[in-house]
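Here is start.pdb, consisting of PDB, C-alpha atoms:
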```
MODEL        1
ATOM      1  CA  MET A 244     -16.822 177.386 171.458
ATOM      2  CA  TYR A 245     -13.657 176.329 169.595
ATOM      3  CA  PRO A 246     -13.669 172.618 170.613
ATOM      4  CA  LYS A 247     -10.427 171.781 168.743
ATOM      5  CA  THR A 248      -8.582 174.643 170.430
ATOM      6  CA  ARG A 249      -9.911 173.521 173.799
ATOM      7  CA  LYS A 250      -8.713 169.995 173.090
ATOM      8  CA  ALA A 251      -5.251 171.320 172.159
ATOM      9  CA  SER A 252      -5.159 173.212 175.453
ATOM     10  CA  GLN A 253      -6.152 170.087 177.385
ATOM     11  CA  LYS A 254      -3.365 168.168 175.645
ATOM     12  CA  LEU A 255      -0.809 170.662 176.967
ATOM     13  CA  ILE A 256      -1.984 169.747 180.454
ATOM     14  CA  GLU A 257      -2.111 165.991 179.774
ATOM     15  CA  GLU A 258       1.489 166.102 178.532
ATOM     16  CA  ALA A 259       2.521 168.029 181.684
ATOM     17  CA  ILE A 260       3.774 170.979 179.641
ATOM     18  CA  ILE A 261       1.622 173.284 181.770
ATOM     19  CA  PRO A 262      -0.097 172.470 185.072
ATOM     20  CA  GLY A 263      -3.302 174.168 183.961
ATOM     21  CA  ALA A 264      -4.770 177.246 182.305
ATOM     22  CA  SER A 265      -7.491 179.852 182.542
ATOM     23  CA  TYR A 266      -8.488 181.041 179.095
ATOM     24  CA  ALA A 267     -11.224 182.855 177.249
ATOM     25  CA  PHE A 268     -12.577 183.466 173.773
ATOM     26  CA  ILE A 269     -14.366 186.574 172.578
ATOM     27  CA  LYS A 270     -16.607 186.063 169.566
ATOM     28  CA  ASN A 271     -19.632 188.045 168.355
ATOM     29  CA  GLY A 272     -19.530 190.111 171.531
ATOM     30  CA  GLN A 273     -19.801 186.958 173.661
ATOM     31  CA  GLN A 274     -17.154 185.991 176.197
ATOM     32  CA  SER A 275     -16.602 182.317 177.025
ATOM     33  CA  TYR A 276     -14.403 181.411 180.005
ATOM     34  CA  TYR A 277     -12.682 178.090 180.714
ATOM     35  CA  ARG A 278     -10.495 176.636 183.457
ATOM     36  CA  GLU A 279      -8.561 173.431 182.858
ATOM     37  CA  GLY A 280      -6.088 171.495 184.974
ATOM     38  CA  LEU A 281      -4.472 172.699 188.182
ATOM     39  CA  ALA A 282      -3.051 175.913 189.607
ATOM     40  CA  ALA A 283      -0.232 174.030 191.346
ATOM     41  CA  VAL A 284       1.310 170.561 191.244
ATOM     42  CA  TYR A 285       4.092 171.121 193.798
ATOM     43  CA  PRO A 286       4.487 170.780 196.734
ATOM     44  CA  GLU A 287       0.887 169.612 196.474
ATOM     45  CA  LYS A 288      -1.881 169.775 193.910
ATOM     46  CA  GLU A 289      -4.242 172.760 193.995
ATOM     47  CA  PRO A 290      -7.299 173.476 191.826
ATOM     48  CA  ILE A 291      -7.539 176.669 189.791
ATOM     49  CA  GLN A 292      -9.534 179.266 191.690
ATOM     50  CA  GLU A 293     -12.419 181.076 190.081
ATOM     51  CA  ASN A 294     -10.584 184.404 190.121
ATOM     52  CA  GLN A 295      -7.027 183.054 190.006
ATOM     53  CA  GLN A 296      -4.332 185.705 189.743
ATOM     54  CA  TYR A 297      -1.453 185.022 187.369
ATOM     55  CA  ASP A 298       1.951 186.606 186.968
ATOM     56  CA  VAL A 299       1.294 187.778 183.390
ATOM     57  CA  ALA A 300       4.970 188.646 182.777
ATOM     58  CA  SER A 301       5.429 190.557 179.518
ATOM     59  CA  LEU A 302       1.710 191.164 179.054
ATOM     60  CA  THR A 303       2.660 194.043 181.369
ATOM     61  CA  LYS A 304       4.198 195.650 178.281
ATOM     62  CA  VAL A 305       0.864 195.861 176.439
ATOM     63  CA  MET A 306      -1.487 196.281 179.404
ATOM     64  CA  VAL A 307       0.504 198.864 181.375
ATOM     65  CA  THR A 308       3.310 200.608 179.493
ATOM     66  CA  THR A 309       2.050 200.642 175.907
ATOM     67  CA  PRO A 310      -1.459 202.069 176.541
ATOM     68  CA  VAL A 311      -0.063 204.819 178.785
ATOM     69  CA  VAL A 312       2.522 205.771 176.146
ATOM     70  CA  LEU A 313      -0.197 205.765 173.479
ATOM     71  CA  GLN A 314      -2.317 208.098 175.615
ATOM     72  CA  LEU A 315       0.642 210.466 175.963
ATOM     73  CA  ILE A 316       1.094 210.386 172.176
ATOM     74  CA  GLU A 317      -2.615 211.147 171.677
ATOM     75  CA  SER A 318      -2.264 214.249 173.861
ATOM     76  CA  ASN A 319       0.903 215.325 171.997
ATOM     77  CA  THR A 320       2.873 215.047 175.212
ATOM     78  CA  LEU A 321       5.067 212.491 173.434
ATOM     79  CA  ARG A 322       5.876 212.058 169.750
ATOM     80  CA  LEU A 323       7.046 208.876 168.086
ATOM     81  CA  GLU A 324      10.118 210.525 166.577
ATOM     82  CA  ASP A 325      11.212 212.176 169.833
ATOM     83  CA  SER A 326      14.627 211.169 171.119
ATOM     84  CA  VAL A 327      14.674 209.141 174.323
ATOM     85  CA  HIS A 328      17.467 211.456 175.493
ATOM     86  CA  THR A 329      14.990 214.377 175.520
ATOM     87  CA  TYR A 330      13.101 212.770 178.413
ATOM     88  CA  LEU A 331      15.966 210.828 179.988
ATOM     89  CA  PRO A 332      19.036 213.103 179.816
ATOM     90  CA  LEU A 333      21.199 210.475 181.553
ATOM     91  CA  PHE A 334      20.484 208.008 178.735
ATOM     92  CA  LYS A 335      23.610 208.276 176.601
ATOM     93  CA  SER A 336      22.373 207.822 173.037
ATOM     94  CA  LYS A 337      20.544 210.596 171.175
ATOM     95  CA  LYS A 338      19.751 208.300 168.233
ATOM     96  CA  VAL A 339      17.116 206.136 169.896
ATOM     97  CA  THR A 340      13.521 207.337 169.510
ATOM     98  CA  ILE A 341      10.183 206.490 171.113
ATOM     99  CA  ARG A 342       9.266 204.587 167.923
ATOM    100  CA  HIS A 343      12.432 202.494 168.203
ATOM    101  CA  LEU A 344      11.515 201.489 171.750
ATOM    102  CA  LEU A 345       7.870 200.688 170.971
ATOM    103  CA  THR A 346       8.771 198.547 167.949
ATOM    104  CA  HIS A 347      11.863 196.895 169.468
ATOM    105  CA  THR A 348      14.075 198.329 166.724
ATOM    106  CA  SER A 349      16.350 200.274 169.108
ATOM    107  CA  ALA A 350      19.336 197.910 168.675
ATOM    108  CA  LEU A 351      19.891 198.102 172.449
ATOM    109  CA  ASN A 352      21.370 194.931 173.864
ATOM    110  CA  GLY A 353      19.959 194.787 177.369
ATOM    111  CA  PHE A 354      22.402 192.179 178.706
ATOM    112  CA  ILE A 355      23.985 193.368 181.951
ATOM    113  CA  PRO A 356      26.608 191.269 183.770
ATOM    114  CA  ASN A 357      25.745 190.456 187.394
ATOM    115  CA  ARG A 358      22.318 192.016 186.832
ATOM    116  CA  ASN A 359      20.674 190.177 189.702
ATOM    117  CA  LYS A 360      23.209 191.521 192.198
ATOM    118  CA  LEU A 361      22.481 195.172 191.385
ATOM    119  CA  SER A 362      20.215 197.525 193.328
ATOM    120  CA  ALA A 363      17.393 199.329 191.517
ATOM    121  CA  THR A 364      19.543 202.475 191.265
ATOM    122  CA  GLU A 365      22.524 200.525 189.924
ATOM    123  CA  LEU A 366      20.391 198.611 187.416
ATOM    124  CA  LYS A 367      18.799 201.831 186.164
ATOM    125  CA  ALA A 368      22.245 203.413 185.684
ATOM    126  CA  ALA A 369      23.456 200.312 183.832
ATOM    127  CA  LEU A 370      20.443 200.370 181.503
ATOM    128  CA  PHE A 371      20.969 204.072 180.773
ATOM    129  CA  SER A 372      24.595 203.412 179.795
ATOM    130  CA  ILE A 373      23.705 200.995 176.977
ATOM    131  CA  THR A 374      24.084 202.349 173.433
ATOM    132  CA  PRO A 375      22.644 200.995 170.148
ATOM    133  CA  ASP A 376      24.634 199.142 167.525
ATOM    134  CA  ASN A 377      24.546 200.013 163.822
ATOM    135  CA  THR A 378      21.364 197.991 163.116
ATOM    136  CA  ILE A 379      19.144 200.610 164.795
ATOM    137  CA  GLY A 380      15.816 200.898 162.954
ATOM    138  CA  GLU A 381      16.657 197.980 160.652
ATOM    139  CA  GLU A 382      15.928 194.889 162.747
ATOM    140  CA  VAL A 383      13.371 193.823 165.346
ATOM    141  CA  VAL A 384      15.137 192.380 168.373
ATOM    142  CA  TYR A 385      12.654 191.950 171.208
ATOM    143  CA  ALA A 386      14.205 193.226 174.441
ATOM    144  CA  ASP A 387      12.869 194.206 177.868
ATOM    145  CA  ILE A 388      15.073 197.309 177.974
ATOM    146  CA  ASN A 389      12.807 199.037 175.458
ATOM    147  CA  MET A 390       9.742 198.919 177.695
ATOM    148  CA  ILE A 391      11.754 199.584 180.836
ATOM    149  CA  LEU A 392      13.020 202.832 179.290
ATOM    150  CA  LEU A 393       9.475 203.745 178.246
ATOM    151  CA  GLY A 394       8.395 203.209 181.849
ATOM    152  CA  TYR A 395      11.050 205.672 182.999
ATOM    153  CA  ILE A 396       9.932 208.155 180.333
ATOM    154  CA  ILE A 397       6.354 207.932 181.635
ATOM    155  CA  GLU A 398       7.645 208.621 185.142
ATOM    156  CA  SER A 399       9.715 211.600 183.971
ATOM    157  CA  ILE A 400       6.609 213.151 182.374
ATOM    158  CA  GLU A 401       4.019 212.287 185.008
ATOM    159  CA  LYS A 402       6.261 212.741 188.084
ATOM    160  CA  GLU A 403       4.829 209.574 189.639
ATOM    161  CA  THR A 404       5.733 205.898 189.645
ATOM    162  CA  LEU A 405       4.712 203.891 186.600
ATOM    163  CA  VAL A 406       2.354 201.815 188.743
ATOM    164  CA  ARG A 407       0.574 204.912 190.069
ATOM    165  CA  VAL A 408       0.184 206.295 186.538
ATOM    166  CA  PHE A 409      -1.219 202.943 185.384
ATOM    167  CA  GLU A 410      -3.685 202.925 188.272
ATOM    168  CA  LYS A 411      -4.972 206.399 187.402
ATOM    169  CA  ARG A 412      -5.031 206.104 183.602
ATOM    170  CA  ILE A 413      -5.895 202.444 182.907
ATOM    171  CA  LEU A 414      -6.673 200.290 185.936
ATOM    172  CA  GLY A 415      -9.098 202.680 187.652
ATOM    173  CA  PRO A 416     -11.128 203.796 184.608
ATOM    174  CA  MET A 417     -11.378 200.186 183.354
ATOM    175  CA  HIS A 418     -12.250 198.746 186.793
ATOM    176  CA  LEU A 419      -9.520 196.123 186.625
ATOM    177  CA  ALA A 420     -10.074 195.326 190.276
ATOM    178  CA  ASP A 421      -7.801 192.285 190.467
ATOM    179  CA  SER A 422      -4.809 193.614 188.526
ATOM    180  CA  THR A 423      -1.854 194.765 190.597
ATOM    181  CA  TYR A 424       1.924 194.780 191.047
ATOM    182  CA  HIS A 425       1.301 193.923 194.717
ATOM    183  CA  PRO A 426      -0.992 190.930 195.283
ATOM    184  CA  ILE A 427      -2.636 191.105 198.701
ATOM    185  CA  ASP A 428      -3.098 187.342 199.070
ATOM    186  CA  SER A 429      -0.245 185.252 197.687
ATOM    187  CA  PHE A 430      -2.446 182.145 197.766
ATOM    188  CA  GLN A 431      -4.750 183.795 195.235
ATOM    189  CA  CYS A 432      -1.753 183.733 192.855
ATOM    190  CA  ALA A 433      -0.786 180.734 190.778
ATOM    191  CA  PRO A 434       2.771 179.784 191.793
ATOM    192  CA  THR A 435       5.518 180.012 189.209
ATOM    193  CA  GLN A 436       9.061 178.674 189.480
ATOM    194  CA  ASN A 437      10.496 176.634 192.317
ATOM    195  CA  HIS A 438      13.511 178.928 192.437
ATOM    196  CA  PRO A 439      16.837 177.399 193.580
ATOM    197  CA  GLN A 440      17.558 180.327 195.936
ATOM    198  CA  GLN A 441      14.149 181.891 196.605
ATOM    199  CA  GLY A 442      12.026 178.772 196.809
ATOM    200  CA  MET A 443       8.519 178.641 195.340
ATOM    201  CA  LEU A 444       7.657 182.017 193.836
ATOM    202  CA  ARG A 445       4.074 182.873 194.669
ATOM    203  CA  GLY A 446       2.799 186.441 194.642
ATOM    204  CA  ILE A 447       6.389 187.471 193.887
ATOM    205  CA  VAL A 448       7.103 188.420 190.288
ATOM    206  CA  HIS A 449       9.084 185.808 188.359
ATOM    207  CA  ASP A 450      11.082 188.249 186.221
ATOM    208  CA  PRO A 451      14.441 189.133 187.888
ATOM    209  CA  LYS A 452      14.563 192.725 186.595
ATOM    210  CA  ALA A 453      10.989 193.320 187.750
ATOM    211  CA  GLN A 454      11.920 192.007 191.212
ATOM    212  CA  VAL A 455      14.625 194.688 191.423
ATOM    213  CA  LEU A 456      12.799 197.605 189.757
ATOM    214  CA  GLY A 457       9.405 197.044 191.371
ATOM    215  CA  ASP A 458       6.858 199.811 190.685
ATOM    216  CA  HIS A 459       9.146 201.360 188.062
ATOM    217  CA  CYS A 460       9.325 198.313 185.779
ATOM    218  CA  GLY A 461       7.635 198.714 182.387
ATOM    219  CA  SER A 462       8.426 195.232 181.089
ATOM    220  CA  ALA A 463       6.962 192.887 183.736
ATOM    221  CA  GLY A 464       5.487 192.922 187.225
ATOM    222  CA  LEU A 465       1.727 192.829 186.696
ATOM    223  CA  PHE A 466      -0.478 190.154 188.256
ATOM    224  CA  SER A 467      -3.935 189.837 186.742
ATOM    225  CA  THR A 468      -6.935 187.561 186.300
ATOM    226  CA  LEU A 469      -8.673 186.112 183.279
ATOM    227  CA  HIS A 470     -11.604 188.462 183.864
ATOM    228  CA  ASP A 471      -9.393 191.569 183.878
ATOM    229  CA  VAL A 472      -7.258 190.580 180.884
ATOM    230  CA  THR A 473     -10.443 189.768 178.973
ATOM    231  CA  ARG A 474     -11.911 193.194 179.862
ATOM    232  CA  PHE A 475      -8.736 194.807 178.567
ATOM    233  CA  SER A 476      -8.963 192.744 175.363
ATOM    234  CA  GLN A 477     -12.625 193.702 174.922
ATOM    235  CA  MET A 478     -11.634 197.383 175.130
ATOM    236  CA  MET A 479      -9.059 196.843 172.388
ATOM    237  CA  LEU A 480     -11.623 195.092 170.157
ATOM    238  CA  GLN A 481     -14.107 197.920 170.751
ATOM    239  CA  LYS A 482     -11.686 200.475 169.297
ATOM    240  CA  GLY A 483     -10.486 201.732 172.642
ATOM    241  CA  SER A 484     -13.861 202.029 174.390
ATOM    242  CA  LEU A 485     -15.275 200.085 177.324
ATOM    243  CA  ASP A 486     -18.514 200.750 179.222
ATOM    244  CA  GLY A 487     -18.800 204.169 177.631
ATOM    245  CA  ILE A 488     -15.261 205.226 178.618
ATOM    246  CA  GLN A 489     -12.713 205.947 175.872
ATOM    247  CA  ILE A 490      -9.353 204.587 177.023
ATOM    248  CA  LEU A 491      -7.655 204.953 173.627
ATOM    249  CA  ASN A 492      -8.818 206.777 170.510
ATOM    250  CA  GLU A 493     -10.240 204.748 167.642
ATOM    251  CA  GLU A 494      -7.537 206.137 165.332
ATOM    252  CA  THR A 495      -4.884 204.813 167.715
ATOM    253  CA  ILE A 496      -6.335 201.288 167.698
ATOM    254  CA  LEU A 497      -6.572 201.273 163.883
ATOM    255  CA  ALA A 498      -2.967 202.477 163.617
ATOM    256  CA  LEU A 499      -1.849 199.502 165.717
ATOM    257  CA  LEU A 500      -2.940 197.172 162.918
ATOM    258  CA  LYS A 501      -0.247 198.622 160.645
ATOM    259  CA  ASP A 502       3.486 198.006 160.554
ATOM    260  CA  GLN A 503       4.939 200.813 162.686
ATOM    261  CA  THR A 504       8.632 199.991 162.337
ATOM    262  CA  PRO A 505      10.828 202.779 160.860
ATOM    263  CA  ASN A 506      11.029 201.161 157.410
ATOM    264  CA  LYS A 507       7.466 199.701 157.569
ATOM    265  CA  THR A 508       8.709 196.231 156.561
ATOM    266  CA  LEU A 509       9.449 194.452 159.851
ATOM    267  CA  ASN A 510       5.892 193.474 160.823
ATOM    268  CA  ARG A 511       5.842 194.988 164.281
ATOM    269  CA  SER A 512       3.398 197.505 165.716
ATOM    270  CA  LEU A 513       3.613 199.889 168.665
ATOM    271  CA  GLY A 514       4.129 197.577 171.612
ATOM    272  CA  TRP A 515       2.443 194.654 169.848
ATOM    273  CA  ASP A 516       3.612 191.931 167.489
ATOM    274  CA  LEU A 517       1.688 191.529 164.231
ATOM    275  CA  LEU A 518       0.568 188.154 162.876
ATOM    276  CA  THR A 519      -0.479 188.453 159.254
ATOM    277  CA  ARG A 520      -3.567 186.458 158.245
ATOM    278  CA  LYS A 521      -5.891 186.434 155.226
ATOM    279  CA  ASP A 522      -8.158 189.090 156.728
ATOM    280  CA  GLY A 523      -5.291 191.373 157.806
ATOM    281  CA  ASN A 524      -3.038 191.790 160.812
ATOM    282  CA  THR A 525      -3.771 190.310 164.233
ATOM    283  CA  LEU A 526      -2.298 191.827 167.400
ATOM    284  CA  PHE A 527      -0.338 189.368 169.509
ATOM    285  CA  HIS A 528       1.749 189.404 172.663
ATOM    286  CA  THR A 529       3.099 186.757 174.990
ATOM    287  CA  GLY A 530       4.435 186.458 178.527
ATOM    288  CA  PHE A 531       7.317 184.201 179.559
ATOM    289  CA  THR A 532       5.310 182.601 182.371
ATOM    290  CA  GLY A 533       2.866 181.086 179.857
ATOM    291  CA  THR A 534       0.452 183.838 178.895
ATOM    292  CA  PHE A 535      -0.713 185.444 175.667
ATOM    293  CA  ILE A 536      -3.308 187.758 174.152
ATOM    294  CA  LEU A 537      -4.387 187.384 170.528
ATOM    295  CA  LEU A 538      -6.694 190.088 169.109
ATOM    296  CA  ASN A 539      -8.372 189.931 165.722
ATOM    297  CA  SER A 540      -9.845 193.408 165.388
ATOM    298  CA  HIS A 541     -11.299 192.733 161.933
ATOM    299  CA  GLN A 542     -13.563 189.938 163.150
ATOM    300  CA  LYS A 543     -13.718 191.278 166.726
ATOM    301  CA  GLU A 544     -12.442 188.009 168.118
ATOM    302  CA  ALA A 545      -9.863 187.279 170.794
ATOM    303  CA  PHE A 546      -8.094 184.385 172.471
ATOM    304  CA  ILE A 547      -6.769 185.129 175.978
ATOM    305  CA  PHE A 548      -4.610 182.469 177.615
ATOM    306  CA  LEU A 549      -3.173 182.521 181.143
ATOM    307  CA  SER A 550      -1.043 179.735 182.543
ATOM    308  CA  ASN A 551       1.933 179.259 184.848
ATOM    309  CA  ARG A 552       3.928 176.995 182.578
ATOM    310  CA  VAL A 553       7.160 177.709 184.515
ATOM    311  CA  HIS A 554       5.695 175.872 187.542
ATOM    312  CA  PRO A 555       7.548 174.196 189.083
ATOM    313  CA  THR A 556      10.063 173.976 186.204
ATOM    314  CA  SER A 557       9.689 174.022 182.435
ATOM    315  CA  ASP A 558      11.183 173.224 179.057
ATOM    316  CA  THR A 559      10.838 176.471 177.143
ATOM    317  CA  ALA A 560      11.564 175.013 173.685
ATOM    318  CA  ILE A 561       8.857 172.347 173.961
ATOM    319  CA  TYR A 562       6.372 174.819 175.405
ATOM    320  CA  LEU A 563       6.921 177.286 172.561
ATOM    321  CA  GLU A 564       6.404 174.548 169.974
ATOM    322  CA  LYS A 565       3.170 173.401 171.615
ATOM    323  CA  ARG A 566       1.951 176.969 172.187
ATOM    324  CA  ASN A 567       2.406 177.745 168.496
ATOM    325  CA  HIS A 568       0.400 174.628 167.645
ATOM    326  CA  LEU A 569      -2.364 175.815 169.990
ATOM    327  CA  ILE A 570      -2.468 179.214 168.294
ATOM    328  CA  ASN A 571      -2.468 177.689 164.798
ATOM    329  CA  THR A 572      -5.324 175.407 165.844
ATOM    330  CA  TYR A 573      -7.279 178.452 166.988
ATOM    331  CA  PHE A 574      -6.635 180.290 163.716
ATOM    332  CA  SER A 575      -7.710 177.270 161.663
ATOM    333  CA  GLU A 576     -10.875 176.866 163.680
ATOM    334  CA  MET A 577     -11.660 180.597 163.561
ATOM    335  CA  GLU A 578     -11.339 180.702 159.776
ATOM    336  CA  VAL A 579     -13.763 177.781 159.367
ATOM    337  CA  GLU A 580     -16.450 179.082 161.726
TER
ENDMDL
END
```
Could you show the structure in this file as structure tokens?
Amino acid sequence: MYPKTRKASQKLIEEAIIPGASYAFIKNGQQSYYREGLAAVYPEKEPIQENQQYDVASLTKVMVTTPVVLQLIESNTLRLEDSVHTYLPLFKSKKVTIRHLLTHTSALNGFIPNRNKLSATELKAALFSITPDNTIGEEVVYADINMILLGYIIESIEKETLVRVFEKRILGPMHLADSTYHPIDSFQCAPTQNHPQQGMLRGIVHDPKAQVLGDHCGSAGLFSTLHDVTRFSQMMLQKGSLDGIQILNEETILALLKDQTPNKTLNRSLGWDLLTRKDGNTLFHTGFTGTFILLNSHQKEAFIFLSNRVHPTSDTAIYLEKRNHLINTYFSEMEVE
């Protein structure tokens, strides 16, 4: 299945842009799984394990935070036009809404000086003190702060940690047995960066904010496997249903295929990016560590890609260029088949 896309993936490994990858295609209800290259190249080479866990980075945003928020919207517990301040009274601005956060149009600059030296309490207070600039609702500026705030909103409503809510609402019902914020066996995890202070990160989340915020972090922190991410993707393609269980309403999934930004012109959905193709919009999201999910709901096809491209170091600019080529190869091949 998709031989040209597979060849493009293998080239990423041959050129040492990524050490290896676990990836899958969904087409006509069939799932095809592939493993290429290595899980580690330093300090010694290691093969990819059959059920390799990956730090999926910002896929946490669409696998954890976004579906829980969408469920709360379905039950009318949350509304898109609600002010963030309603749920987080210590958050200073009353202008920012749930829609702004989900579509990254909040105009919140999440840069915090000395961020990595702050405790979880101090970092939370710093995030709550940030106010939007005058471009609110007018521009998409992707920022972790949006999903971190949504995670705190979930906690304020549910009175439990974000991770516990995720376990009850998504992970448990979907039987995502190998998805967790707390890997039991670090050697089941593909290593990420050889960090100058922390050494080789393995079973420890790569994202600095997620390291500090732990179970409260809505932007990163999840470790998962190809099998689990593919199950999640299958649910999305099946209009929110998996194995007879409705995780999200069909109307919710269909709404995700539309531009949900305030002015409906910025090509961003709720939690997801939108890639416009001939047959309509495709849902897309990436993770800094070298992961992405691409969902074509119209043709019920998906491309799920998990790698640890930051291991042991990486050149982000080159990786992004090659990743985009990989995705374009997939689109070209999909349109021909």
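Under the PyMOL selection byres ((chain A and resi 391-394) around 8), the matching residues in the shown file are A:Thr308, A:Val312, A:Ile341, A:Leu344, A:Asp387, A:Ile388, A:Asn389, A:Met390, A:Tyr395, A:Ile396, A:Ile397, A:Glu398, A:Leu405, A:His459, A:Cys460, A:Gly461, A:Ser462.
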Which residues come within 12 Å of A:Gln274, counting all atoms listed in the file, excluding same-chain residues fewer than 6 positions away, as number ranges by chain?
-> A: 244, 266-268, 469-470, 472-474, 476-477, 543-547
Residue nearest A:Ser422 among A:Tyr276, A:Val408, A:Gln296, A:Glu257 (counting all atoms listed in the file) | A:Gln296
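You can rank A:Ser512, A:Asn437, A:Ser372, A:Asn506 by their closest distance to A:Gly353 using only C-alpha atoms, and at the top of that list sits A:Ser372.
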Kindly resolve the PyMOL selection byres ((chain A and resi 384) around 7) on the present coordinates and return the residues as a VMD selection string.
-> chain A and resid 347 to 348 350 382 to 383 385 to 386
Find the spatial neighbours of A:Ile261, counting all atoms listed in the file, within a cut-off of 8 Å - ignore same-chain residues fewer than 2 positions away - and output them as a ChimeraX atom specification.
-> /A:255-256,258-259,263-264,550-554
Go ahead and compute the interatomic distance for atom CA of A:Arg358 and atom CA of A:Ala453, in Å to one decimal.
->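 Separation of atom CA of A:Arg358 and atom CA of A:Ala453: 11.4 Å.
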